[in-house]
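Take a look at the structure set out below.
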Amino acid sequence: MKLNKHRNQCGGCGEYFATLTAFDGHRVGKFGGAEPARRCLKPAEMLADGWRLGRDGFWRKRASTRMAGWLSRCDADRQARKVNERRERATDVAEECRKLKPGS
Ligand SMILES: [Zn+2]
């Protein structure tokens, strides 16, 4: 397995993840001993939640590549707005993101 800063292996369950978002997403529960305790999703749970285990052996969250493209565009847009319109409220940015969402 070739790993990099995005492709990573979980030290807890040993599964491989295509993105940090996917890695973060498979960690559920609460920190600090609160219930439900912090743990890894089981492969069966990830499949049930619509995750996909790619042919390359890496898990991906259910967001489609199209959606991932939208998210990165939206994020870039948000960053630009942050610089150019510092007074813009977060809710306004969220509204803008909704407008950009394809098919809505
Ligand atoms: Zn894990």
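Within each chain, counting starts at residue 1; across the structure tokens, chains are named A, B, ... in the order shown, with ligands numbered 1 upward in that order.
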### Query
Quick one: residues within 9 Å of Ala22 (chain A), only C-alpha atoms counted, chain neighbours fewer than 2 positions away excluded, as a list in words?
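Listing them by chain and then by number gives Phe17, Ala18, Thr19, Leu20, Asp24, Gly25, His26, Arg27, Trp51, Trp59, Arg60 and Lys61 of chain A.
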Using only C-alpha atoms, please write the residues we just selected to a file, as a PDB file, in the first residue's frame.
ATOM      1  CA  PHE A  17      -8.641   5.388   3.822  1.00  0.00           C
ATOM      2  CA  ALA A  18      -8.449   7.332   0.574  1.00  0.00           C
ATOM      3  CA  THR A  19      -8.849  10.719   2.239  1.00  0.00           C
ATOM      4  CA  LEU A  20      -8.391  12.309   5.622  1.00  0.00           C
ATOM      5  CA  ASP A  24     -11.985  11.149  10.249  1.00  0.00           C
ATOM      6  CA  GLY A  25     -15.431   9.943   9.248  1.00  0.00           C
ATOM      7  CA  HIS A  26     -14.828   6.395  10.377  1.00  0.00           C
ATOM      8  CA  ARG A  27     -13.971   7.566  13.874  1.00  0.00           C
ATOM      9  CA  TRP A  51     -19.117   3.791   2.065  1.00  0.00           C
ATOM     10  CA  TRP A  59     -12.238   3.219   1.878  1.00  0.00           C
ATOM     11  CA  ARG A  60     -14.117   6.231   0.553  1.00  0.00           C
ATOM     12  CA  LYS A  61     -17.048   8.044   1.993  1.00  0.00           C
TER      13      LYS A  61
END
### Task
Within 6 Å of ligand 1, which residues show up when you count only C-alpha atoms and all ligand atoms? List them as a PyMOL selection string, please.
chain A and resi 10+12-13+15+40
Would you output that residue set with N, CA and C atoms, as an mmCIF file, in the first residue's frame?
data_model
loop_
_atom_site.group_PDB
_atom_site.id
_atom_site.type_symbol
_atom_site.label_atom_id
_atom_site.label_comp_id
_atom_site.auth_asym_id
_atom_site.auth_seq_id
_atom_site.Cartn_x
_atom_site.Cartn_y
_atom_site.Cartn_z
ATOM 1 N N CYS A 10 -5.478 3.478 9.427
ATOM 2 C CA CYS A 10 -5.870 3.710 10.810
ATOM 3 C C CYS A 10 -5.065 2.798 11.724
ATOM 4 N N GLY A 12 -5.881 2.158 14.647
ATOM 5 C CA GLY A 12 -6.826 1.458 15.515
ATOM 6 C C GLY A 12 -7.369 0.184 14.912
ATOM 7 N N CYS A 13 -7.899 0.306 13.693
ATOM 8 C CA CYS A 13 -8.564 -0.855 13.087
ATOM 9 C C CYS A 13 -7.767 -1.435 11.926
ATOM 10 N N GLU A 15 -7.657 -0.383 8.869
ATOM 11 C CA GLU A 15 -8.235 -0.148 7.550
ATOM 12 C C GLU A 15 -7.517 1.028 6.874
ATOM 13 N N CYS A 40 -13.681 3.048 16.117
ATOM 14 C CA CYS A 40 -13.708 2.980 14.664
ATOM 15 C C CYS A 40 -15.019 2.340 14.218
#
#### Entry: Spatial neighbours of Val28 (chain A), 12 Å, only C-alpha atoms, chain gap at least 2 places, as JSON, numbers by chain
{"A": [22, 23, 24, 25, 26, 30, 31, 34, 35, 36, 37, 38, 39, 40, 41, 42, 45, 46]}
### Message
I'd like the interatomic distance between CA of Gln9 (chain A) and CA of Gly32 (chain A), to a tenth of an Å.
### Response
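About the pair CA of Gln9 (chain A) and CA of Gly32 (chain A): they are 22.8 Å apart.
The residues of region 34-68 of chain A that DSSP assigns to helix (DSSP H, G or I) on this backbone come out as Pro43, Ala44, Glu45, Met46, Leu47, Ala48, Thr65, Arg66, Met67 and Ala68 of chain A.
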